[in-house]
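This is model-v9.pdb (PDB, C-alpha atoms, pLDDT in the B column).
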```
ATOM      1  CA  MET A1357      -8.301 -18.611  91.049  1.00 71.00           C
ATOM      2  CA  ASN A1358      -8.179 -17.956  87.296  1.00 93.00           C
ATOM      3  CA  LYS A1359      -5.040 -16.850  85.414  1.00 96.00           C
ATOM      4  CA  LEU A1360      -5.946 -13.171  85.478  1.00 97.00           C
ATOM      5  CA  GLU A1361      -6.593 -13.209  89.222  1.00 96.00           C
ATOM      6  CA  LEU A1362      -3.214 -14.874  89.728  1.00 96.00           C
ATOM      7  CA  HIS A1363      -1.502 -12.101  87.714  1.00 96.00           C
ATOM      8  CA  ILE A1364      -3.332  -9.461  89.738  1.00 97.00           C
ATOM      9  CA  LYS A1365      -2.238 -11.093  93.016  1.00 95.00           C
ATOM     10  CA  GLN A1366       1.390 -11.461  91.898  1.00 96.00           C
ATOM     11  CA  GLU A1367       1.922  -8.266  89.883  1.00 96.00           C
ATOM     12  CA  GLY A1368      -0.852  -5.804  90.754  1.00 96.00           C
ATOM     13  CA  THR A1369      -0.144  -2.874  93.056  1.00 96.00           C
ATOM     14  CA  VAL A1370      -2.852  -1.385  95.259  1.00 97.00           C
ATOM     15  CA  LEU A1371      -2.500   2.412  95.214  1.00 95.00           C
ATOM     16  CA  GLY A1372      -5.432   3.137  97.487  1.00 92.00           C
ATOM     17  CA  GLU A1373      -8.891   1.906  98.413  1.00 92.00           C
ATOM     18  CA  ASN A1374     -10.121   2.500  94.819  1.00 92.00           C
ATOM     19  CA  VAL A1375      -7.062   2.171  92.555  1.00 93.00           C
ATOM     20  CA  LEU A1376      -5.271  -0.951  91.326  1.00 96.00           C
ATOM     21  CA  LYS A1377      -2.172  -0.591  89.145  1.00 96.00           C
ATOM     22  CA  VAL A1378      -1.716  -3.401  86.596  1.00 97.00           C
ATOM     23  CA  ASP A1379       0.742  -1.753  84.225  1.00 96.00           C
ATOM     24  CA  SER A1380       3.042  -4.800  84.091  1.00 96.00           C
ATOM     25  CA  PHE A1381       0.529  -6.846  82.067  1.00 97.00           C
ATOM     26  CA  LEU A1382      -2.389  -4.669  80.857  1.00 96.00           C
ATOM     27  CA  ASN A1383      -2.085  -0.883  81.019  1.00 91.00           C
ATOM     28  CA  HIS A1384       1.496  -0.181  79.917  1.00 93.00           C
ATOM     29  CA  GLN A1385       3.297  -3.419  79.235  1.00 96.00           C
ATOM     30  CA  VAL A1386       1.075  -6.134  77.755  1.00 96.00           C
ATOM     31  CA  ASP A1387       1.333  -9.853  78.485  1.00 97.00           C
ATOM     32  CA  PRO A1388       0.226 -11.431  75.167  1.00 97.00           C
ATOM     33  CA  GLU A1389      -0.368 -14.904  76.604  1.00 97.00           C
ATOM     34  CA  LEU A1390      -2.598 -13.476  79.312  1.00 97.00           C
ATOM     35  CA  MET A1391      -4.438 -11.365  76.715  1.00 97.00           C
ATOM     36  CA  GLN A1392      -4.958 -14.510  74.622  1.00 97.00           C
ATOM     37  CA  TYR A1393      -6.443 -16.250  77.677  1.00 97.00           C
ATOM     38  CA  ILE A1394      -8.741 -13.253  78.270  1.00 97.00           C
ATOM     39  CA  GLY A1395      -9.787 -13.224  74.602  1.00 98.00           C
ATOM     40  CA  GLN A1396     -10.627 -16.928  74.750  1.00 97.00           C
ATOM     41  CA  ALA A1397     -12.630 -16.384  77.944  1.00 97.00           C
ATOM     42  CA  PHE A1398     -14.733 -13.617  76.362  1.00 98.00           C
ATOM     43  CA  ALA A1399     -15.246 -15.728  73.221  1.00 98.00           C
ATOM     44  CA  LYS A1400     -16.613 -18.591  75.367  1.00 97.00           C
ATOM     45  CA  LEU A1401     -18.807 -16.342  77.510  1.00 97.00           C
ATOM     46  CA  PHE A1402     -20.443 -14.700  74.475  1.00 98.00           C
ATOM     47  CA  ALA A1403     -20.277 -17.621  72.009  1.00 98.00           C
ATOM     48  CA  GLU A1404     -24.059 -17.836  71.557  1.00 97.00           C
ATOM     49  CA  GLU A1405     -24.673 -14.123  70.993  1.00 98.00           C
ATOM     50  CA  GLY A1406     -23.940 -13.826  67.263  1.00 98.00           C
ATOM     51  CA  VAL A1407     -21.441 -11.010  67.806  1.00 98.00           C
ATOM     52  CA  THR A1408     -20.581  -9.187  64.568  1.00 98.00           C
ATOM     53  CA  LYS A1409     -18.168  -6.578  65.987  1.00 98.00           C
ATOM     54  CA  LEU A1410     -16.325  -5.725  69.174  1.00 98.00           C
ATOM     55  CA  LEU A1411     -16.156  -2.174  70.486  1.00 98.00           C
ATOM     56  CA  THR A1412     -13.626  -0.864  72.991  1.00 98.00           C
ATOM     57  CA  LEU A1413     -11.996   2.375  74.074  1.00 94.00           C
ATOM     58  CA  GLU A1414      -8.390   3.283  73.401  1.00 90.00           C
ATOM     59  CA  SER A1415      -5.948   2.399  74.689  1.00 87.00           C
ATOM     60  CA  SER A1416      -5.973  -0.201  77.478  1.00 91.00           C
ATOM     61  CA  GLY A1417      -9.020  -2.024  76.136  1.00 94.00           C
ATOM     62  CA  ILE A1418      -7.396  -2.719  72.784  1.00 97.00           C
ATOM     63  CA  ALA A1419      -5.116  -5.646  73.742  1.00 97.00           C
ATOM     64  CA  PRO A1420      -7.797  -7.840  75.361  1.00 98.00           C
ATOM     65  CA  ALA A1421     -10.384  -6.812  72.761  1.00 98.00           C
ATOM     66  CA  VAL A1422      -8.163  -7.657  69.787  1.00 98.00           C
ATOM     67  CA  MET A1423      -7.572 -11.130  71.223  1.00 98.00           C
ATOM     68  CA  ALA A1424     -11.321 -11.612  71.749  1.00 98.00           C
ATOM     69  CA  ALA A1425     -11.974 -10.402  68.185  1.00 98.00           C
ATOM     70  CA  LEU A1426      -9.385 -12.857  66.881  1.00 98.00           C
ATOM     71  CA  GLU A1427     -11.048 -15.731  68.763  1.00 98.00           C
ATOM     72  CA  MET A1428     -14.519 -14.665  67.578  1.00 98.00           C
ATOM     73  CA  LYS A1429     -13.327 -13.915  64.027  1.00 98.00           C
ATOM     74  CA  VAL A1430     -14.984 -10.492  63.940  1.00 98.00           C
ATOM     75  CA  PRO A1431     -13.651  -6.936  63.483  1.00 98.00           C
ATOM     76  CA  LEU A1432     -12.676  -4.758  66.415  1.00 98.00           C
ATOM     77  CA  ILE A1433     -13.467  -1.051  66.541  1.00 98.00           C
ATOM     78  CA  PHE A1434     -11.894   1.192  69.130  1.00 95.00           C
ATOM     79  CA  ALA A1435     -13.329   4.554  70.043  1.00 95.00           C
ATOM     80  CA  ARG A1436     -10.732   7.303  69.713  1.00 91.00           C
ATOM     81  CA  LYS A1437     -10.198   9.853  72.462  1.00 86.00           C
ATOM     82  CA  ARG A1438      -8.601  12.437  70.201  1.00 71.00           C
ATOM     83  CA  LYS A1439      -9.646  13.583  66.797  1.00 64.00           C
ATOM     84  CA  SER A1440      -7.065  13.552  64.019  1.00 61.00           C
ATOM     85  CA  LEU A1441      -6.841  14.758  60.421  1.00 52.00           C
ATOM     86  CA  THR A1442      -8.277  11.424  59.306  1.00 58.00           C
ATOM     87  CA  LEU A1443     -11.010  11.203  61.964  1.00 61.00           C
ATOM     88  CA  LYS A1444     -12.945  14.450  62.152  1.00 63.00           C
ATOM     89  CA  ASP A1445     -16.210  14.155  60.222  1.00 72.00           C
ATOM     90  CA  ASP A1446     -19.222  11.856  60.195  1.00 88.00           C
ATOM     91  CA  LEU A1447     -18.676  10.492  63.690  1.00 92.00           C
ATOM     92  CA  TYR A1448     -20.640   9.001  66.537  1.00 94.00           C
ATOM     93  CA  THR A1449     -19.438  10.737  69.715  1.00 93.00           C
ATOM     94  CA  GLU A1450     -20.042  10.499  73.450  1.00 94.00           C
ATOM     95  CA  GLN A1451     -18.627  12.182  76.538  1.00 92.00           C
ATOM     96  CA  VAL A1452     -16.887   9.692  78.845  1.00 90.00           C
ATOM     97  CA  TYR A1453     -15.632  10.351  82.362  1.00 84.00           C
ATOM     98  CA  SER A1454     -12.487   8.442  83.364  1.00 78.00           C
ATOM     99  CA  PHE A1455     -12.440   7.434  87.028  1.00 72.00           C
ATOM    100  CA  THR A1456      -8.684   6.777  86.924  1.00 71.00           C
ATOM    101  CA  LYS A1457      -7.722   9.988  85.112  1.00 76.00           C
ATOM    102  CA  GLN A1458     -10.445  12.101  86.725  1.00 82.00           C
ATOM    103  CA  GLU A1459     -11.273  13.777  83.409  1.00 86.00           C
ATOM    104  CA  VAL A1460     -13.925  13.840  80.700  1.00 90.00           C
ATOM    105  CA  SER A1461     -13.012  12.855  77.137  1.00 88.00           C
ATOM    106  CA  GLU A1462     -15.025  13.031  73.959  1.00 91.00           C
ATOM    107  CA  VAL A1463     -14.739   9.619  72.296  1.00 93.00           C
ATOM    108  CA  SER A1464     -15.517   9.001  68.648  1.00 93.00           C
ATOM    109  CA  VAL A1465     -16.128   6.223  66.139  1.00 95.00           C
ATOM    110  CA  SER A1466     -16.490   6.717  62.400  1.00 93.00           C
ATOM    111  CA  ARG A1467     -20.063   6.111  61.255  1.00 94.00           C
ATOM    112  CA  LYS A1468     -18.849   3.845  58.459  1.00 95.00           C
ATOM    113  CA  PHE A1469     -17.816   1.126  60.937  1.00 97.00           C
ATOM    114  CA  LEU A1470     -21.132   0.665  62.810  1.00 97.00           C
ATOM    115  CA  SER A1471     -24.635  -0.032  61.529  1.00 97.00           C
ATOM    116  CA  SER A1472     -28.045  -1.142  62.684  1.00 98.00           C
ATOM    117  CA  GLN A1473     -27.160  -4.648  61.443  1.00 98.00           C
ATOM    118  CA  ASP A1474     -24.405  -5.056  64.032  1.00 98.00           C
ATOM    119  CA  ARG A1475     -24.501  -7.100  67.218  1.00 98.00           C
ATOM    120  CA  ILE A1476     -21.918  -5.427  69.430  1.00 98.00           C
ATOM    121  CA  LEU A1477     -19.879  -6.823  72.297  1.00 98.00           C
ATOM    122  CA  ILE A1478     -18.269  -4.044  74.336  1.00 98.00           C
ATOM    123  CA  ILE A1479     -14.932  -4.871  75.979  1.00 98.00           C
ATOM    124  CA  ASP A1480     -13.306  -2.663  78.627  1.00 97.00           C
ATOM    125  CA  ASP A1481     -10.221  -3.081  80.794  1.00 96.00           C
ATOM    126  CA  PHE A1482     -11.746  -1.861  84.085  1.00 96.00           C
ATOM    127  CA  LEU A1483     -15.245  -1.408  85.448  1.00 96.00           C
ATOM    128  CA  ALA A1484     -15.552   1.107  88.291  1.00 94.00           C
ATOM    129  CA  ASN A1485     -18.520   3.450  87.852  1.00 94.00           C
ATOM    130  CA  GLY A1486     -19.555   2.216  84.402  1.00 96.00           C
ATOM    131  CA  ASP A1487     -19.094   5.506  82.576  1.00 95.00           C
ATOM    132  CA  ALA A1488     -16.776   4.197  79.839  1.00 95.00           C
ATOM    133  CA  ALA A1489     -19.002   1.214  79.077  1.00 97.00           C
ATOM    134  CA  LEU A1490     -22.107   3.417  79.047  1.00 97.00           C
ATOM    135  CA  GLY A1491     -20.348   5.841  76.679  1.00 96.00           C
ATOM    136  CA  LEU A1492     -19.474   3.002  74.307  1.00 97.00           C
ATOM    137  CA  ALA A1493     -23.046   1.716  74.553  1.00 98.00           C
ATOM    138  CA  GLY A1494     -24.237   5.208  73.637  1.00 97.00           C
ATOM    139  CA  ILE A1495     -22.123   5.139  70.490  1.00 97.00           C
ATOM    140  CA  ALA A1496     -23.485   1.706  69.511  1.00 98.00           C
ATOM    141  CA  ARG A1497     -27.058   2.886  70.170  1.00 97.00           C
ATOM    142  CA  GLN A1498     -26.541   5.961  67.961  1.00 97.00           C
ATOM    143  CA  ALA A1499     -25.784   3.534  65.126  1.00 97.00           C
ATOM    144  CA  GLY A1500     -28.906   1.506  65.914  1.00 98.00           C
ATOM    145  CA  ALA A1501     -26.725  -1.516  66.717  1.00 98.00           C
ATOM    146  CA  GLU A1502     -27.746  -4.141  69.263  1.00 98.00           C
ATOM    147  CA  ILE A1503     -25.513  -4.480  72.324  1.00 98.00           C
ATOM    148  CA  VAL A1504     -25.298  -8.165  73.244  1.00 98.00           C
ATOM    149  CA  GLY A1505     -23.159  -7.662  76.325  1.00 98.00           C
ATOM    150  CA  ILE A1506     -20.284  -5.971  78.077  1.00 98.00           C
ATOM    151  CA  GLY A1507     -17.088  -7.886  78.832  1.00 98.00           C
ATOM    152  CA  ILE A1508     -14.889  -6.511  81.597  1.00 98.00           C
ATOM    153  CA  VAL A1509     -11.309  -7.579  82.235  1.00 98.00           C
ATOM    154  CA  ILE A1510     -11.145  -6.341  85.864  1.00 97.00           C
ATOM    155  CA  GLU A1511     -14.246  -5.253  87.756  1.00 97.00           C
ATOM    156  CA  LYS A1512     -14.099  -3.321  90.997  1.00 97.00           C
ATOM    157  CA  ALA A1513     -17.223  -4.949  92.421  1.00 97.00           C
ATOM    158  CA  PHE A1514     -17.284  -2.555  95.379  1.00 97.00           C
ATOM    159  CA  GLN A1515     -18.087   0.340  93.036  1.00 96.00           C
ATOM    160  CA  PRO A1516     -21.501   0.898  91.377  1.00 97.00           C
ATOM    161  CA  GLY A1517     -20.595   0.210  87.726  1.00 97.00           C
ATOM    162  CA  ARG A1518     -22.012  -3.302  87.383  1.00 98.00           C
ATOM    163  CA  GLN A1519     -25.362  -2.314  88.868  1.00 98.00           C
ATOM    164  CA  LYS A1520     -25.585   0.776  86.626  1.00 97.00           C
ATOM    165  CA  LEU A1521     -24.985  -1.388  83.549  1.00 98.00           C
ATOM    166  CA  ILE A1522     -27.446  -4.079  84.659  1.00 98.00           C
ATOM    167  CA  ASP A1523     -30.049  -1.408  85.467  1.00 98.00           C
ATOM    168  CA  SER A1524     -29.537  -0.100  81.918  1.00 98.00           C
ATOM    169  CA  GLY A1525     -30.399  -3.566  80.580  1.00 98.00           C
ATOM    170  CA  TYR A1526     -26.937  -4.892  79.739  1.00 98.00           C
ATOM    171  CA  ARG A1527     -25.437  -8.315  80.359  1.00 98.00           C
ATOM    172  CA  VAL A1528     -22.101  -7.916  82.189  1.00 98.00           C
ATOM    173  CA  GLU A1529     -19.393 -10.604  82.342  1.00 97.00           C
ATOM    174  CA  SER A1530     -16.105 -10.047  84.162  1.00 97.00           C
ATOM    175  CA  ILE A1531     -12.918 -12.121  84.096  1.00 97.00           C
ATOM    176  CA  ALA A1532     -11.793 -10.902  87.542  1.00 97.00           C
ATOM    177  CA  ARG A1533     -14.025  -9.275  90.175  1.00 97.00           C
ATOM    178  CA  ILE A1534     -12.393  -7.434  93.048  1.00 97.00           C
ATOM    179  CA  ALA A1535     -14.405  -7.195  96.255  1.00 97.00           C
ATOM    180  CA  SER A1536     -11.994  -4.889  98.086  1.00 97.00           C
ATOM    181  CA  LEU A1537      -8.658  -3.086  97.901  1.00 97.00           C
ATOM    182  CA  SER A1538      -8.666  -2.231 101.612  1.00 95.00           C
ATOM    183  CA  ASP A1539      -5.454  -2.381 103.645  1.00 94.00           C
ATOM    184  CA  GLY A1540      -3.387  -2.594 100.460  1.00 94.00           C
ATOM    185  CA  LYS A1541      -4.691  -6.097  99.680  1.00 94.00           C
ATOM    186  CA  VAL A1542      -6.696  -7.440  96.755  1.00 97.00           C
ATOM    187  CA  GLN A1543      -9.738  -9.446  97.835  1.00 96.00           C
ATOM    188  CA  PHE A1544     -11.616 -11.197  95.034  1.00 97.00           C
ATOM    189  CA  ALA A1545     -15.364 -11.605  94.612  1.00 94.00           C
ATOM    190  CA  THR A1546     -16.783 -14.395  92.475  1.00 79.00           C
ATOM    191  CA  SER A1547     -15.746 -13.961  88.837  1.00 69.00           C
ATOM    192  CA  ASP A1548     -17.821 -14.936  85.809  1.00 66.00           C
ATOM    193  CA  ILE A1549     -15.187 -17.350  84.525  1.00 67.00           C
ATOM    194  CA  ILE A1550     -13.618 -20.392  86.136  1.00 56.00           C
ATOM    195  CA  ASP A1551     -10.639 -22.261  84.729  1.00 60.00           C
TER
END
```
structure tokens encoding of this file:
Amino acid sequence: MNKLELHIKQEGTVLGENVLKVDSFLNHQVDPELMQYIGQAFAKLFAEEGVTKLLTLESSGIAPAVMAALEMKVPLIFARKRKSLTLKDDLYTEQVYSFTKQEVSEVSVSRKFLSSQDRILIIDDFLANGDAALGLAGIARQAGAEIVGIGIVIEKAFQPGRQKLIDSGYRVESIARIASLSDGKVQFATSDIID
């Protein structure tokens, strides 16, 4: 069992057959040492890919992605869910459906931060149906950037996201893969990383 799986077992709360609450270390309160471990894991998994930038979605993807960017010594870009006075023109945008929030958001990245020269690693906190990762991939594709892979902190392997991403031609690596949340218990599938 890797460090993330141990945290999930000890601190995660199953809220139903499809929902896992991990707000004590990822989605509300952040455990920096665990995020550092996750960043190091992604850096090792994608070390040979020549990553030039990381791309994630605000807000829960930022902590693990910033640690991965630090390890890889590349910039991190996060797609914004809300436009502001400083982010309203010259944007790449995509519509993204959130499984957890049950809503569609328009996410945006300024065109000045992505180019056709970039080799992008997408990082996301959860993989359920793959919509967030596909939305981020759409933004990278609009810029003409190459997507070298998608790194997932926690994958719900019993949902179709991984297969959708693989069918779309993307490499997917997950730190923790959950096979089931049935009966209020977390059952793990094989993860992509072993300590």
Item to check | Reference answer for the PyMOL selection byres ((chain A and resi 1463-1469) around 10), as a ChimeraX atom specification | outcome: /A:1409,1411,1413-1414,1431-1439,1442-1452,1460-1462,1470-1471,1474,1488,1491-1492,1495-1496,1498-1499
Restrict the calculation to all atoms listed in the file, then for each residue of region 1453-1549 of chain A with any atom at most 10 Å from an atom of region 1364-1388 of chain A give the closest atom pair and their distance in Å to one decimal, rows by chain and rising residue number, as a tab-separated table.
```
residue	atom	partner	partner_atom	distance
A:Phe1455	CA	A:Val1375	CA	9.3
A:Thr1456	CA	A:Val1375	CA	7.5
A:Asp1481	CA	A:Leu1382	CA	8.0
A:Phe1482	CA	A:Leu1376	CA	9.8
A:Ala1484	CA	A:Asn1374	CA	8.6
A:Val1509	CA	A:Leu1382	CA	9.5
A:Ile1510	CA	A:Ile1364	CA	9.3
A:Lys1512	CA	A:Asn1374	CA	8.0
A:Phe1514	CA	A:Asn1374	CA	8.8
A:Gln1515	CA	A:Asn1374	CA	8.4
A:Ala1532	CA	A:Ile1364	CA	8.9
A:Ile1534	CA	A:Leu1376	CA	9.8
A:Ser1536	CA	A:Glu1373	CA	7.5
A:Leu1537	CA	A:Glu1373	CA	5.0
A:Ser1538	CA	A:Glu1373	CA	5.2
A:Asp1539	CA	A:Glu1373	CA	7.6
A:Gly1540	CA	A:Val1370	CA	5.4
A:Lys1541	CA	A:Val1370	CA	6.7
A:Val1542	CA	A:Lys1365	CA	6.9
A:Gln1543	CA	A:Lys1365	CA	9.1
A:Phe1544	CA	A:Lys1365	CA	9.6
```
Output of the PyMOL selection byres ((chain A and resi 1505) around 7), listed as an mmCIF file with C-alpha atoms, keeping the file's coordinate frame:
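See out.cif below for the written result:
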```
data_model
loop_
_atom_site.group_PDB
_atom_site.id
_atom_site.type_symbol
_atom_site.label_atom_id
_atom_site.label_comp_id
_atom_site.auth_asym_id
_atom_site.auth_seq_id
_atom_site.Cartn_x
_atom_site.Cartn_y
_atom_site.Cartn_z
ATOM 1 C CA LEU A 1477 -19.879 -6.823 72.297
ATOM 2 C CA ILE A 1478 -18.269 -4.044 74.336
ATOM 3 C CA ILE A 1503 -25.513 -4.480 72.324
ATOM 4 C CA VAL A 1504 -25.298 -8.165 73.244
ATOM 5 C CA ILE A 1506 -20.284 -5.971 78.077
ATOM 6 C CA GLY A 1507 -17.088 -7.886 78.832
ATOM 7 C CA TYR A 1526 -26.937 -4.892 79.739
ATOM 8 C CA ARG A 1527 -25.437 -8.315 80.359
ATOM 9 C CA VAL A 1528 -22.101 -7.916 82.189
#
```
Expand the PyMOL selection byres ((chain A and resi 1406) around 12) into the individual residues it matches in the shown file, reporting them as a short mmCIF file (atom, residue, chain, number, x, y, z; two decimals) with C-alpha atoms, in the coordinates of the input.
```
data_model
loop_
_atom_site.label_atom_id
_atom_site.label_comp_id
_atom_site.auth_asym_id
_atom_site.auth_seq_id
_atom_site.Cartn_x
_atom_site.Cartn_y
_atom_site.Cartn_z
CA ALA A 1399 -15.25 -15.73 73.22
CA LYS A 1400 -16.61 -18.59 75.37
CA LEU A 1401 -18.81 -16.34 77.51
CA PHE A 1402 -20.44 -14.70 74.47
CA ALA A 1403 -20.28 -17.62 72.01
CA GLU A 1404 -24.06 -17.84 71.56
CA GLU A 1405 -24.67 -14.12 70.99
CA VAL A 1407 -21.44 -11.01 67.81
CA THR A 1408 -20.58 -9.19 64.57
CA LYS A 1409 -18.17 -6.58 65.99
CA LEU A 1410 -16.32 -5.72 69.17
CA MET A 1428 -14.52 -14.66 67.58
CA LYS A 1429 -13.33 -13.92 64.03
CA VAL A 1430 -14.98 -10.49 63.94
CA GLN A 1473 -27.16 -4.65 61.44
CA ASP A 1474 -24.40 -5.06 64.03
CA ARG A 1475 -24.50 -7.10 67.22
CA ILE A 1476 -21.92 -5.43 69.43
CA LEU A 1477 -19.88 -6.82 72.30
CA GLU A 1502 -27.75 -4.14 69.26
CA ILE A 1503 -25.51 -4.48 72.32
CA VAL A 1504 -25.30 -8.16 73.24
CA GLY A 1505 -23.16 -7.66 76.32
#
```
Checklist outcome for this item: re CA of Lys1520 (chain A) and CA of Gly1500 (chain A): distance 21.0 Å
Next on the checklist: Please list, as number ranges by chain, the residues that have an atom at most 12 Å away from (-22.5, -0.5, 91.2) in the coordinates of this file, counting all atoms listed in the file.
Outcome noted: A: 1483-1487, 1511-1524, 1528, 1535
Checklist entry - So, counting all atoms listed in the file, which residue among A:Leu1390, A:Thr1412, A:Ala1421, A:Arg1497 is closest to Glu1361 (chain A)? => result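 So, comparing all the options, the nearest one is A:Leu1390.
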Next on the checklist: Between CA of Ile1479 (chain A) and CA of Ala1424 (chain A), what distance in Å does the model show, to one decimal?
Outcome noted: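 CA of Ala1424 (chain A) lies 8.7 Å from CA of Ile1479 (chain A).
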Item to check | Between CA of Leu1490 (chain A) and CA of Ser1530 (chain A), distance in Å (one decimal) | outcome: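 Between these atoms lies a distance of 15.6 Å.
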Checklist outcome for this item: Counting all atoms listed in the file, the residue among A:Ala1493, A:Ala1545, A:Ile1508, A:Leu1360 that lies closest to Tyr1393 (chain A) is A:Leu1360
